[in-house]
$ cat upload_3.cif   # mmCIF, C-alpha atoms
data_data
loop_
_atom_site.label_atom_id
_atom_site.label_comp_id
_atom_site.auth_asym_id
_atom_site.auth_seq_id
_atom_site.Cartn_x
_atom_site.Cartn_y
_atom_site.Cartn_z
CA MET F 2 24.22 -2.71 -9.47
CA HIS F 3 21.36 -1.41 -7.34
CA TYR F 4 18.98 -1.69 -10.29
CA LEU F 5 20.19 -5.20 -11.13
CA LEU F 6 19.56 -6.35 -7.57
CA LEU F 7 16.13 -4.75 -7.61
CA ALA F 8 15.29 -6.58 -10.84
CA ILE F 9 16.56 -9.97 -9.66
CA SER F 10 14.70 -9.59 -6.40
CA ALA F 11 11.44 -8.80 -8.22
CA ILE F 12 11.82 -11.60 -10.77
CA LEU F 13 13.17 -14.46 -8.69
CA VAL F 14 13.38 -13.84 -4.95
CA SER F 15 10.00 -12.32 -4.26
CA ASN F 16 8.29 -13.57 -7.39
CA ILE F 17 4.84 -12.07 -7.70
CA ILE F 18 3.03 -15.39 -8.18
CA LEU F 19 4.97 -17.85 -6.08
CA THR F 20 5.80 -15.78 -3.01
CA ARG F 21 3.28 -12.96 -3.12
CA PHE F 22 0.33 -14.99 -4.48
CA LEU F 23 -0.94 -12.38 -6.91
CA GLY F 24 -2.65 -13.01 -10.22
CA ILE F 25 -3.45 -16.61 -9.32
CA CYS F 26 -6.75 -16.85 -11.24
CA PRO F 27 -5.23 -16.40 -14.72
CA PHE F 28 -2.23 -18.43 -13.56
CA VAL F 29 -4.45 -21.46 -13.02
CA GLY F 30 -7.12 -20.68 -15.62
CA VAL F 31 -5.34 -19.20 -18.63
CA SER F 32 -2.07 -21.07 -18.58
CA LYS F 33 -3.58 -24.28 -19.89
CA SER F 34 -1.96 -23.79 -23.28
CA PRO F 35 1.42 -22.16 -23.93
CA LYS F 36 -0.06 -20.03 -26.70
CA ASN F 37 -2.60 -18.43 -24.38
CA ALA F 38 0.03 -17.94 -21.70
CA LEU F 39 2.28 -16.15 -24.17
CA GLY F 40 -0.51 -13.82 -25.32
CA MET F 41 -1.55 -13.08 -21.77
CA SER F 42 1.93 -12.33 -20.52
CA GLY F 43 2.73 -10.13 -23.51
CA ALA F 44 -0.34 -8.05 -22.89
CA LEU F 45 0.32 -7.96 -19.17
CA ILE F 46 3.93 -6.77 -19.45
CA GLY F 47 2.80 -3.83 -21.58
CA VAL F 48 -0.13 -2.89 -19.37
CA VAL F 49 1.78 -3.19 -16.08
CA PHE F 50 4.66 -1.10 -17.38
CA MET F 51 2.50 1.69 -18.83
CA SER F 52 -0.12 1.82 -16.09
CA SER F 53 2.48 2.00 -13.34
CA ILE F 54 4.17 4.90 -15.11
CA ILE F 55 0.83 6.76 -15.26
CA SER F 56 -0.11 5.84 -11.69
CA TYR F 57 3.31 6.86 -10.39
CA ALA F 58 3.09 10.22 -12.15
CA ILE F 59 -0.43 10.85 -10.88
CA ASN F 60 0.57 9.98 -7.34
CA ARG F 61 3.79 11.98 -7.34
CA TYR F 62 2.65 15.15 -9.09
CA LEU F 63 -1.05 15.27 -8.26
CA LEU F 64 -2.19 13.26 -5.25
CA GLU F 65 0.81 13.77 -2.93
CA PRO F 66 1.13 17.57 -3.37
CA LEU F 67 -2.62 17.98 -2.85
CA ASP F 68 -2.57 15.62 0.15
CA LEU F 69 -5.11 13.29 -1.42
CA GLY F 70 -3.30 10.01 -0.72
CA PHE F 71 -6.50 8.30 0.40
CA LEU F 72 -7.85 8.53 -3.16
CA LYS F 73 -5.02 6.34 -4.46
CA LEU F 74 -7.10 3.19 -4.83
CA ILE F 75 -9.97 4.85 -6.70
CA ALA F 76 -7.64 6.86 -8.92
CA PHE F 77 -5.46 3.90 -9.85
CA ILE F 78 -8.28 1.51 -10.63
CA LEU F 79 -9.82 4.15 -12.91
CA VAL F 80 -6.46 4.72 -14.61
CA ILE F 81 -5.99 1.00 -15.19
CA ALA F 82 -9.52 0.37 -16.45
CA SER F 83 -9.47 3.30 -18.86
CA PHE F 84 -5.92 2.57 -20.00
CA VAL F 85 -6.80 -1.03 -20.84
CA GLN F 86 -9.89 0.19 -22.71
CA PHE F 87 -7.76 2.69 -24.60
CA VAL F 88 -5.13 0.11 -25.55
CA GLU F 89 -7.89 -2.17 -26.77
CA MET F 90 -9.40 0.51 -28.99
CA PHE F 91 -5.98 1.59 -30.29
CA MET F 92 -4.97 -1.95 -31.19
CA LYS F 93 -8.30 -2.73 -32.82
CA ARG F 94 -7.81 0.29 -35.08
CA TYR F 95 -4.07 0.14 -35.87
CA ILE F 96 -2.74 -3.37 -35.12
CA PRO F 97 -5.71 -5.68 -35.83
CA SER F 98 -3.54 -8.81 -36.09
CA LEU F 99 -2.18 -8.39 -32.56
CA TYR F 100 -5.65 -7.49 -31.31
CA LYS F 101 -7.00 -10.74 -32.71
CA SER F 102 -4.30 -12.87 -31.16
CA LEU F 103 -4.69 -11.28 -27.72
CA GLY F 104 -8.46 -11.53 -27.94
CA ILE F 105 -10.17 -11.89 -24.59
CA TYR F 106 -7.03 -11.48 -22.45
CA LEU F 107 -6.84 -7.72 -22.74
CA PRO F 108 -10.12 -6.84 -20.96
CA LEU F 109 -9.39 -9.56 -18.38
CA ILE F 110 -6.25 -7.72 -17.35
CA THR F 111 -8.28 -4.95 -15.68
CA THR F 112 -9.17 -7.32 -12.86
CA ASN F 113 -5.73 -8.89 -12.64
CA CYS F 114 -4.42 -8.00 -9.21
CA VAL F 115 -0.84 -7.78 -10.47
CA VAL F 116 -1.54 -4.52 -12.28
CA LEU F 117 -3.15 -2.79 -9.30
CA THR F 118 -0.59 -4.12 -6.83
CA VAL F 119 2.38 -2.92 -8.87
CA ALA F 120 0.72 0.49 -9.19
CA LEU F 121 0.19 0.62 -5.41
CA ASP F 122 3.73 -0.65 -4.78
CA VAL F 123 5.44 2.03 -6.86
CA ALA F 124 3.36 4.72 -5.17
CA GLY F 125 4.23 3.47 -1.68
CA THR F 126 7.39 2.78 0.26
CA SER F 127 7.20 -1.01 0.52
CA VAL F 128 9.74 -1.87 -2.20
CA THR F 129 12.95 -0.21 -1.03
CA GLY F 130 11.85 1.31 2.25
CA SER F 131 11.62 4.84 0.84
CA LEU F 132 9.81 6.49 -2.04
CA LEU F 133 11.01 5.17 -5.40
CA ASN F 134 12.66 7.39 -8.00
CA TRP F 135 11.85 7.13 -11.71
CA GLY F 136 14.62 4.62 -12.48
CA GLU F 137 13.73 2.32 -9.63
CA MET F 138 10.06 2.54 -10.53
CA LEU F 139 10.68 1.54 -14.18
CA THR F 140 13.00 -1.32 -13.20
CA TYR F 141 10.64 -2.65 -10.57
CA SER F 142 7.49 -2.63 -12.67
CA ALA F 143 9.16 -4.18 -15.73
CA ALA F 144 10.91 -6.85 -13.64
CA THR F 145 7.74 -7.80 -11.77
CA ALA F 146 5.85 -8.28 -15.02
CA VAL F 147 8.71 -10.34 -16.47
CA GLY F 148 8.68 -12.52 -13.34
CA TYR F 149 4.97 -13.08 -13.83
CA ALA F 150 5.44 -13.98 -17.51
CA LEU F 151 8.28 -16.38 -16.68
CA ILE F 152 6.13 -18.37 -14.30
CA ILE F 153 2.91 -18.52 -16.31
CA ILE F 154 4.68 -19.55 -19.51
CA GLY F 155 6.72 -22.20 -17.71
CA PHE F 156 3.68 -23.44 -15.88
CA SER F 157 1.64 -23.75 -19.09
CA TYR F 158 4.06 -26.38 -20.40
CA ILE F 159 3.73 -28.33 -17.14
CA GLN F 160 -0.07 -28.10 -17.42
CA LEU F 161 0.10 -29.66 -20.91
CA ARG F 162 1.80 -32.72 -19.44
CA MET F 163 -0.70 -32.93 -16.60
CA GLN F 164 -3.69 -32.84 -18.90
CA ASN F 165 -2.39 -35.91 -20.73
CA SER F 166 -1.66 -37.81 -17.55
CA THR F 167 -3.77 -40.92 -16.98
CA LEU F 168 -2.37 -41.76 -13.56
CA LEU F 169 -3.96 -38.80 -11.83
CA PRO F 170 -6.76 -39.64 -9.32
CA LYS F 171 -10.06 -38.12 -10.40
CA PRO F 172 -10.58 -35.52 -7.63
CA PHE F 173 -7.15 -34.03 -8.30
CA LYS F 174 -7.87 -33.26 -11.95
CA GLY F 175 -7.98 -29.58 -12.87
CA ASN F 176 -7.35 -26.96 -10.24
CA ALA F 177 -6.24 -29.21 -7.38
CA ILE F 178 -3.19 -30.65 -9.10
CA ALA F 179 -2.39 -27.25 -10.60
CA LEU F 180 -2.21 -25.74 -7.11
CA ILE F 181 -0.08 -28.56 -5.75
CA THR F 182 2.32 -28.26 -8.69
CA ALA F 183 2.52 -24.53 -8.05
CA GLY F 184 3.41 -25.40 -4.45
CA LEU F 185 6.31 -27.54 -5.66
CA MET F 186 7.44 -24.71 -7.94
CA ALA F 187 7.28 -22.31 -5.00
CA MET F 188 9.44 -24.72 -3.01
CA ALA F 189 12.03 -24.64 -5.77
CA PHE F 190 11.93 -20.85 -5.86
CA MET F 191 12.53 -20.69 -2.09
CA ALA F 192 16.11 -21.61 -2.96
CA PHE F 193 16.59 -18.06 -4.31
CA ASN F 194 15.87 -16.66 -0.84
CA GLY F 195 19.49 -16.44 0.24
CA MET F 196 20.61 -14.67 -2.93
CA ILE F 197 19.90 -11.14 -1.80
CA VAL F 198 20.49 -10.23 1.81
CA MET Q 30 -23.17 -19.23 -11.57
CA GLU Q 31 -26.90 -18.71 -11.30
CA THR Q 32 -28.21 -15.90 -13.45
CA LYS Q 33 -31.93 -16.53 -13.30
CA GLN Q 34 -34.09 -14.13 -11.36
CA VAL Q 35 -35.30 -15.37 -8.04
CA LYS Q 36 -38.72 -14.13 -7.08
CA LYS Q 37 -40.33 -16.34 -4.49
CA LYS Q 38 -40.00 -15.37 -0.86
CA SER Q 39 -39.39 -18.95 0.22
CA ASN Q 40 -36.19 -18.82 -1.78
CA ASN Q 41 -34.52 -16.52 0.76
CA TRP Q 42 -32.81 -19.39 2.52
CA LYS Q 43 -31.72 -20.89 -0.79
CA ILE Q 44 -30.09 -17.62 -1.89
CA PHE Q 45 -28.32 -17.28 1.45
CA SER Q 46 -27.06 -20.87 1.64
CA SER Q 47 -26.01 -21.37 -1.98
CA GLY Q 48 -23.04 -19.05 -1.49
CA ILE Q 49 -21.87 -21.08 1.47
CA ILE Q 50 -21.92 -24.60 0.05
CA THR Q 51 -23.14 -25.32 -3.47
CA SER Q 52 -21.46 -22.30 -5.05
CA ASN Q 53 -18.77 -21.65 -2.46
CA PRO Q 54 -16.54 -18.94 -3.97
CA ILE Q 55 -13.31 -20.61 -2.87
CA PHE Q 56 -13.71 -24.33 -3.49
CA VAL Q 57 -16.34 -24.43 -6.24
CA LEU Q 58 -16.18 -21.21 -8.26
CA PHE Q 59 -12.46 -20.52 -7.75
CA LEU Q 60 -12.97 -16.79 -7.54
CA GLY Q 61 -10.62 -14.55 -5.64
CA MET Q 62 -7.88 -17.05 -5.00
CA CYS Q 63 -5.09 -14.60 -4.16
CA PRO Q 64 -6.22 -13.75 -0.59
CA VAL Q 65 -6.93 -17.43 0.10
CA LEU Q 66 -3.25 -18.15 -0.35
CA ALA Q 67 -1.80 -14.89 0.91
CA THR Q 68 -3.66 -14.22 4.16
CA THR Q 69 -4.02 -17.73 5.55
CA SER Q 70 -0.70 -18.25 7.32
CA THR Q 71 -2.43 -17.59 10.65
CA PHE Q 72 -6.02 -18.11 11.75
CA SER Q 73 -6.32 -14.51 13.02
CA SER Q 74 -5.36 -12.86 9.74
CA ALA Q 75 -7.60 -15.19 7.71
CA PHE Q 76 -10.53 -14.39 10.00
CA GLY Q 77 -9.88 -10.66 9.61
CA MET Q 78 -9.68 -10.97 5.83
CA GLY Q 79 -12.96 -12.91 5.79
CA LEU Q 80 -14.66 -10.21 7.88
CA ALA Q 81 -13.39 -7.47 5.55
CA VAL Q 82 -14.67 -9.34 2.49
CA ILE Q 83 -18.08 -9.88 4.11
CA ALA Q 84 -18.34 -6.16 4.93
CA VAL Q 85 -17.38 -5.09 1.40
CA LEU Q 86 -19.55 -7.69 -0.32
CA VAL Q 87 -22.70 -6.92 1.69
CA VAL Q 88 -22.40 -3.15 1.17
CA THR Q 89 -21.51 -3.30 -2.55
CA ASN Q 90 -24.18 -5.87 -3.35
CA THR Q 91 -26.84 -3.76 -1.60
CA LEU Q 92 -25.69 -0.48 -3.19
CA ILE Q 93 -25.44 -1.92 -6.69
CA SER Q 94 -28.84 -3.52 -6.40
CA LEU Q 95 -30.26 -0.16 -5.27
CA ILE Q 96 -29.01 1.65 -8.38
CA ARG Q 97 -29.42 -1.23 -10.84
CA LYS Q 98 -32.22 0.49 -12.75
CA LEU Q 99 -30.41 3.83 -13.00
CA VAL Q 100 -27.17 2.61 -14.54
CA PRO Q 101 -27.04 2.33 -18.35
CA ASN Q 102 -26.02 -1.11 -19.47
CA GLU Q 103 -22.95 -0.01 -21.46
CA ILE Q 104 -21.10 1.61 -18.59
CA ARG Q 105 -22.16 -0.67 -15.77
CA ILE Q 106 -18.76 -2.30 -15.19
CA PRO Q 107 -16.86 1.00 -14.65
CA VAL Q 108 -19.66 2.20 -12.36
CA TYR Q 109 -19.48 -0.99 -10.32
CA ILE Q 110 -15.70 -0.75 -10.08
CA VAL Q 111 -15.86 2.82 -8.79
CA ILE Q 112 -18.48 1.86 -6.18
CA ILE Q 113 -16.40 -1.14 -5.09
CA ALA Q 114 -13.22 0.95 -4.90
CA THR Q 115 -14.99 3.54 -2.75
CA VAL Q 116 -16.38 0.94 -0.35
CA VAL Q 117 -13.01 -0.81 -0.08
CA THR Q 118 -11.30 2.52 0.67
CA ILE Q 119 -13.82 3.21 3.45
CA VAL Q 120 -13.43 -0.28 4.93
CA GLU Q 121 -9.64 0.03 4.73
CA MET Q 122 -9.65 3.40 6.51
CA LEU Q 123 -12.00 2.08 9.22
CA MET Q 124 -9.77 -0.95 9.73
CA TYR Q 125 -6.65 1.22 10.03
CA ALA Q 126 -8.51 3.31 12.61
CA PHE Q 127 -9.99 0.56 14.76
CA MET Q 128 -8.03 -2.65 13.98
CA PHE Q 129 -4.55 -1.27 13.31
CA ASP Q 130 -2.52 -4.46 13.87
CA LEU Q 131 -4.81 -6.57 11.72
CA ALA Q 132 -4.85 -4.00 8.92
CA GLN Q 133 -1.07 -3.85 8.99
CA THR Q 134 -0.75 -7.64 8.71
CA LEU Q 135 -3.12 -7.74 5.76
CA GLY Q 136 -1.38 -4.78 4.10
CA VAL Q 137 -1.78 -4.55 0.34
CA TYR Q 138 -4.13 -7.54 0.27
CA LEU Q 139 -6.73 -5.32 1.93
CA SER Q 140 -6.53 -2.81 -0.93
CA ILE Q 141 -6.73 -5.39 -3.67
CA ILE Q 142 -10.14 -6.60 -2.50
CA VAL Q 143 -11.11 -4.08 -5.22
CA VAL Q 144 -10.04 -6.47 -7.95
CA ASN Q 145 -11.21 -9.61 -6.13
CA CYS Q 146 -13.36 -11.41 -8.67
CA VAL Q 147 -15.87 -12.52 -6.01
CA ILE Q 148 -17.05 -8.95 -5.48
CA LEU Q 149 -17.40 -7.95 -9.13
CA GLY Q 150 -18.71 -11.42 -9.98
CA ARG Q 151 -21.58 -11.17 -7.50
CA ALA Q 152 -22.33 -7.60 -8.56
CA GLU Q 153 -22.53 -8.56 -12.21
CA SER Q 154 -24.27 -11.93 -11.93
CA PHE Q 155 -26.61 -11.31 -8.99
CA ALA Q 156 -26.98 -7.78 -7.64
CA SER Q 157 -27.53 -6.21 -11.06
CA LYS Q 158 -30.61 -8.40 -11.59
CA ASN Q 159 -32.21 -8.95 -8.20
CA THR Q 160 -33.99 -7.02 -5.47
CA VAL Q 161 -32.16 -5.19 -2.71
CA PHE Q 162 -33.03 -7.65 0.05
CA HIS Q 163 -32.09 -10.69 -2.03
CA SER Q 164 -28.80 -9.07 -2.99
CA PHE Q 165 -28.09 -8.34 0.66
CA LEU Q 166 -28.71 -12.01 1.50
CA ASP Q 167 -26.57 -13.17 -1.40
CA GLY Q 168 -23.72 -10.89 -0.31
CA LEU Q 169 -23.92 -12.17 3.25
CA GLY Q 170 -24.05 -15.83 2.14
CA THR Q 171 -21.21 -15.58 -0.36
CA GLY Q 172 -19.16 -13.61 2.17
CA LEU Q 173 -19.72 -16.28 4.81
CA GLY Q 174 -18.73 -18.96 2.29
CA PHE Q 175 -15.54 -17.02 1.65
CA LEU Q 176 -14.88 -16.68 5.40
CA LEU Q 177 -15.40 -20.41 5.96
CA GLY Q 178 -13.05 -21.25 3.08
CA VAL Q 179 -10.19 -19.03 4.22
CA VAL Q 180 -10.61 -20.13 7.84
CA LEU Q 181 -10.46 -23.80 6.80
CA VAL Q 182 -7.24 -23.26 4.84
CA ALA Q 183 -5.76 -21.18 7.68
CA LEU Q 184 -6.62 -23.73 10.38
CA THR Q 185 -4.95 -26.52 8.43
CA ARG Q 186 -1.85 -24.44 7.76
CA GLU Q 187 -1.45 -23.08 11.27
CA ILE Q 188 -2.00 -26.41 13.02
CA ILE Q 189 0.38 -28.40 10.79
CA GLY Q 190 2.88 -25.56 10.50
CA THR Q 191 3.22 -24.54 14.15
CA GLY Q 192 1.61 -27.38 16.08
CA GLY Q 193 -0.76 -25.00 17.81
CA LEU Q 194 -3.54 -22.54 17.31
CA GLY Q 195 -3.84 -18.95 18.46
CA PHE Q 196 -6.35 -16.17 18.04
CA ASN Q 197 -5.79 -12.44 18.42
CA ASN Q 198 -8.56 -10.03 19.28
CA PRO Q 199 -9.11 -8.15 16.00
CA LEU Q 200 -9.82 -4.87 17.79
CA THR Q 201 -6.76 -4.70 20.02
CA GLY Q 202 -4.31 -7.18 18.51
CA ILE Q 203 -3.80 -8.82 21.92
CA GLU Q 204 -3.66 -12.60 21.93
CA LEU Q 205 -6.91 -14.07 23.30
CA PHE Q 206 -5.88 -17.72 23.50
CA HIS Q 207 -3.18 -20.06 22.28
CA VAL Q 208 -3.39 -23.86 22.39
CA GLN Q 209 -0.41 -26.09 21.65
CA LEU Q 210 -1.79 -29.30 20.16
CA PHE Q 211 1.53 -31.13 19.68
CA PRO Q 212 5.15 -30.16 20.37
CA GLN Q 213 6.63 -27.59 18.04
CA GLN Q 214 9.57 -29.81 17.04
CA PHE Q 215 7.15 -32.08 15.14
CA ALA Q 216 5.56 -29.20 13.24
CA ILE Q 217 6.30 -28.82 9.51
CA SER Q 218 7.14 -25.13 9.17
CA LEU Q 219 6.95 -25.38 5.36
CA PHE Q 220 3.18 -25.07 5.74
CA THR Q 221 3.41 -21.55 7.13
CA VAL Q 222 5.31 -20.26 4.07
CA SER Q 223 4.30 -20.01 0.42
CA PRO Q 224 4.61 -23.64 -0.84
CA GLY Q 225 2.43 -24.81 2.04
CA ALA Q 226 -0.32 -22.41 1.01
CA PHE Q 227 -0.52 -23.84 -2.50
CA ILE Q 228 -0.31 -27.45 -1.32
CA VAL Q 229 -2.98 -27.11 1.41
CA TYR Q 230 -5.35 -25.28 -0.95
CA GLY Q 231 -4.80 -27.97 -3.60
CA LEU Q 232 -5.41 -30.85 -1.21
CA LEU Q 233 -8.53 -29.24 0.29
CA THR Q 234 -9.86 -28.62 -3.24
CA ALA Q 235 -9.37 -32.27 -4.12
CA ALA Q 236 -11.11 -33.29 -0.89
CA PHE Q 237 -14.02 -30.94 -1.65
CA VAL Q 238 -14.36 -32.35 -5.18
CA ALA Q 239 -14.25 -35.94 -3.90
CA ILE Q 240 -16.88 -35.27 -1.21
CA ASN Q 241 -19.14 -33.51 -3.71
CA ALA Q 242 -18.82 -36.40 -6.19
CA ALA Q 243 -19.58 -38.98 -3.51
CA TYR Q 244 -22.62 -36.98 -2.38
CA LYS Q 245 -23.92 -36.75 -5.95
CA ASP Q 246 -23.37 -40.48 -6.45
CA ARG Q 247 -25.41 -41.27 -3.36
CA GLN Q 248 -28.17 -38.91 -4.43
CA GLU Q 249 -28.33 -40.57 -7.85
CA LYS Q 250 -28.38 -44.06 -6.35
CA LYS Q 251 -31.20 -43.01 -4.03
CA ALA Q 252 -33.16 -41.59 -6.96
CA LYS Q 253 -32.59 -44.77 -8.95
CA ALA Q 254 -33.72 -46.94 -6.04
CA LEU Q 255 -36.82 -44.78 -5.62
CA ALA Q 256 -37.57 -45.04 -9.33
CA LYS Q 257 -37.23 -48.80 -9.14
CA VAL Q 258 -39.63 -49.00 -6.19
CA ALA Q 259 -42.08 -46.75 -8.04
CA GLN Q 260 -41.81 -48.92 -11.13
CA ALA Q 261 -42.34 -52.10 -9.12
CA GLY Q 262 -45.36 -50.48 -7.50
CA GLY Q 263 -46.71 -49.54 -10.95
CA ASN Q 264 -46.29 -53.08 -12.25
CA GLN Q 265 -48.22 -54.68 -9.43
#
$ encode --input "upload_3.cif" --output "structure tokens"
Amino acid sequence: MHYLLLAISAILVSNIILTRFLGICPFVGVSKSPKNALGMSGALIGVVFMSSIISYAINRYLLEPLDLGFLKLIAFILVIASFVQFVEMFMKRYIPSLYKSLGIYLPLITTNCVVLTVALDVAGTSVTGSLLNWGEMLTYSAATAVGYALIIIGFSYIQLRMQNSTLLPKPFKGNAIALITAGLMAMAFMAFNGMIV
Amino acid sequence: METKQVKKKSNNWKIFSSGIITSNPIFVLFLGMCPVLATTSTFSSAFGMGLAVIAVLVVTNTLISLIRKLVPNEIRIPVYIVIIATVVTIVEMLMYAFMFDLAQTLGVYLSIIVVNCVILGRAESFASKNTVFHSFLDGLGTGLGFLLGVVLVALTREIIGTGGLGFNNPLTGIELFHVQLFPQQFAISLFTVSPGAFIVYGLLTAAFVAINAAYKDRQEKKAKALAKVAQAGGNQ
């Protein structure tokens, strides 16, 4: 039950895009076609899940015992950058079809703030109020990435409709209307607020 | 984004001002949008975030420009990221030491300046190609443009959302002033929470685009009129 609540809270109640405003650039930029959004979110779920496992392990078994907590940021960003590079090389060699379909999105993920934030979250105490255990960490990182995927895939279909709209005033075309639509989506997601007390 | 090398000394002002208006990171380039939405619920926190970004951007731009000839081209991005992460860690620690309340409000958004595209974007497109002084100016200008953008969004949100405006001293966290512009019962509190952030940013973007288009139109009309006058003069 505890894990289910944790997952629902990460996916719906405090959704990483709509209530925590993370990963907005790809949200507005990449999700212009559903196909791109799918590729991006697939790659992101994998990278978030794996890199938070590595970051969590490094923090718990290396940085904390040695009292090097202040190196968290530098250590994690290095882990993420090299992990993404590694995944890219691995896929290019062994799964070329998937590599082709993900294309440019994989290297872009390094600078996606979702990955770094989830890594910092699982190493800190902000999620449940105390240090996470392995189960909580796995649930939280997977659920956050799924919440991200949910929104950017859904939003990409809305963007398709907006691009074909002829009623839109000129200055609103592009990013402006995308942001306002995201605001309306966020309003709808506020309804989940009362779900978990 | 400009990639050409700037050499002339008279261009100093141009480098400094382009980051503020013509290539404003927030309303024109759309780089680093997360903090614009996340830290603008009050004027004080937006101002603090802007200051932190200026500090990081000026130092990283200068440092990267200093070592631009030493770094091999293939590994430049990882090198830049490590430098940026180090500077952000230092700024974060300083802020927790001297501006504790502000740092606590900004929380994780302070750490993720590391992956803010403005910083890496300026390092890659400007500091890696230009002289130290020019890079310093560019960092300062782009940082100021960022500060102005977040402050604009924050002012709109705080005034509509609470009906007033307050400012806390960043060093002590004590409120310096608070003005109530209209009674709180008429304020729309939606603007202080997440949907308001998106909507205000969207509306301001549209306004910025409209103003820019109108300005360009006028410039073109002026040029056309001038050309006409010149032509008439030539015909005489």
$ resolve_selection --input "upload_3.cif" --expression "the PyMOL selection byres ((chain F) within 9 of (chain Q))" --output "JSON, numbers by chain"
{"F": [19, 20, 21, 22, 23, 24, 25, 26, 71, 72, 73, 74, 75, 78, 79, 82, 83, 111, 112, 113, 114, 117, 118, 121, 122, 171, 172, 173, 174, 176, 177, 178, 179, 180, 181, 182, 183, 184, 185, 186, 187, 188, 189, 191]}
$ atom_distance --input "upload_3.cif" --atom1 "CA of Ser164 in chain Q" --atom2 "CA of Asn53 in chain Q"
16.1 Å
$ resolve_selection --input "upload_3.cif" --expression "the PyMOL selection byres ((chain Q and resi 80-91) around 8)" --output "PyMOL selection string"
chain Q and resi 76-79+92-95+112-113+116-117+120+139+142+148+151-152+156+161-162+164-169+171-173+175-176
$ residues_around --input "upload_3.cif" --residues "Leu151 in chain F" --least-positions-apart "4" --cutoff "10 Å" --atoms "all atoms listed in the file" --output "PDB file with C-alpha atoms, in the frame of the given file"
ATOM      1  CA  ILE F  12      11.820 -11.600 -10.770  1.00  0.00           C
ATOM      2  CA  LEU F  13      13.170 -14.460  -8.690  1.00  0.00           C
ATOM      3  CA  ASN F  16       8.290 -13.570  -7.390  1.00  0.00           C
ATOM      4  CA  ALA F  38       0.030 -17.940 -21.700  1.00  0.00           C
ATOM      5  CA  LEU F  39       2.280 -16.150 -24.170  1.00  0.00           C
ATOM      6  CA  SER F  42       1.930 -12.330 -20.520  1.00  0.00           C
ATOM      7  CA  THR F 145       7.740  -7.800 -11.770  1.00  0.00           C
ATOM      8  CA  ALA F 146       5.850  -8.280 -15.020  1.00  0.00           C
ATOM      9  CA  VAL F 147       8.710 -10.340 -16.470  1.00  0.00           C
ATOM     10  CA  GLY F 155       6.720 -22.200 -17.710  1.00  0.00           C
ATOM     11  CA  PHE F 156       3.680 -23.440 -15.880  1.00  0.00           C
TER      12      PHE F 156
END
$ resolve_selection --input "upload_3.cif" --expression "the PyMOL selection byres ((chain F and resi 144) around 10)" --output "PyMOL selection string"
chain F and resi 5+7-13+16-17+46+50+138-143+145-150
$ atom_distance --input "upload_3.cif" --atom1 "CA of Leu99 in chain F" --atom2 "CA of Ile154 in chain F"
18.5 Å
$ residues_around --input "upload_3.cif" --residues "range 124-126 of chain F" --least-positions-apart "6" --cutoff "9 Å" --atoms "all atoms listed in the file" --output "ChimeraX atom specification"
/F:53,56-58,60-61,73,132-133,138
$ residues_near_point --input "upload_3.cif" --point "(-1.6, -2.9, -15.3)" --cutoff "6 Å" --atoms "all atoms listed in the file" --output "mmCIF file with C-alpha atoms, keeping the file's coordinate frame"
data_model
loop_
_atom_site.group_PDB
_atom_site.id
_atom_site.type_symbol
_atom_site.label_atom_id
_atom_site.label_comp_id
_atom_site.auth_asym_id
_atom_site.auth_seq_id
_atom_site.Cartn_x
_atom_site.Cartn_y
_atom_site.Cartn_z
ATOM 1 C CA VAL F 48 -0.130 -2.890 -19.370
ATOM 2 C CA VAL F 49 1.780 -3.190 -16.080
ATOM 3 C CA SER F 52 -0.120 1.820 -16.090
ATOM 4 C CA ILE F 81 -5.990 1.000 -15.190
ATOM 5 C CA VAL F 116 -1.540 -4.520 -12.280
#
$ atom_distance --input "upload_3.cif" --atom1 "CA of Phe87 in chain F" --atom2 "CA of Met51 in chain F"
11.8 Å
$ axis_aligned_box --input "upload_3.cif" --around "range 228-236 of chain Q" --padding-each-side "6 Å" --output "JSON"
{"center_x": -5.7, "center_y": -29.3, "center_z": -1.4, "size_x": 22.8, "size_y": 20.0, "size_z": 17.5}
$ decode --input "upload_3.cif" --residues "range 41-60 of chain F" --atoms "C-alpha atoms" --output "PDB file, in the first residue's frame"
ATOM      1  CA  MET F  41      11.950  10.517 -25.871  1.00  0.00           C
ATOM      2  CA  SER F  42       9.908   9.128 -23.015  1.00  0.00           C
ATOM      3  CA  GLY F  43      11.070   5.571 -23.665  1.00  0.00           C
ATOM      4  CA  ALA F  44      14.676   6.648 -23.497  1.00  0.00           C
ATOM      5  CA  LEU F  45      14.011   8.801 -20.464  1.00  0.00           C
ATOM      6  CA  ILE F  46      12.292   6.078 -18.421  1.00  0.00           C
ATOM      7  CA  GLY F  47      15.291   3.798 -18.929  1.00  0.00           C
ATOM      8  CA  VAL F  48      17.886   6.444 -18.146  1.00  0.00           C
ATOM      9  CA  VAL F  49      16.102   7.824 -15.064  1.00  0.00           C
ATOM     10  CA  PHE F  50      15.593   4.353 -13.616  1.00  0.00           C
ATOM     11  CA  MET F  51      19.174   3.167 -14.166  1.00  0.00           C
ATOM     12  CA  SER F  52      20.951   6.406 -13.292  1.00  0.00           C
ATOM     13  CA  SER F  53      19.041   6.803 -10.047  1.00  0.00           C
ATOM     14  CA  ILE F  54      19.980   3.264  -9.043  1.00  0.00           C
ATOM     15  CA  ILE F  55      23.663   4.062  -9.666  1.00  0.00           C
ATOM     16  CA  SER F  56      23.459   7.473  -7.985  1.00  0.00           C
ATOM     17  CA  TYR F  57      21.645   6.019  -4.978  1.00  0.00           C
ATOM     18  CA  ALA F  58      24.268   3.293  -4.585  1.00  0.00           C
ATOM     19  CA  ILE F  59      27.131   5.761  -4.903  1.00  0.00           C
ATOM     20  CA  ASN F  60      25.578   8.076  -2.361  1.00  0.00           C
TER      21      ASN F  60
END
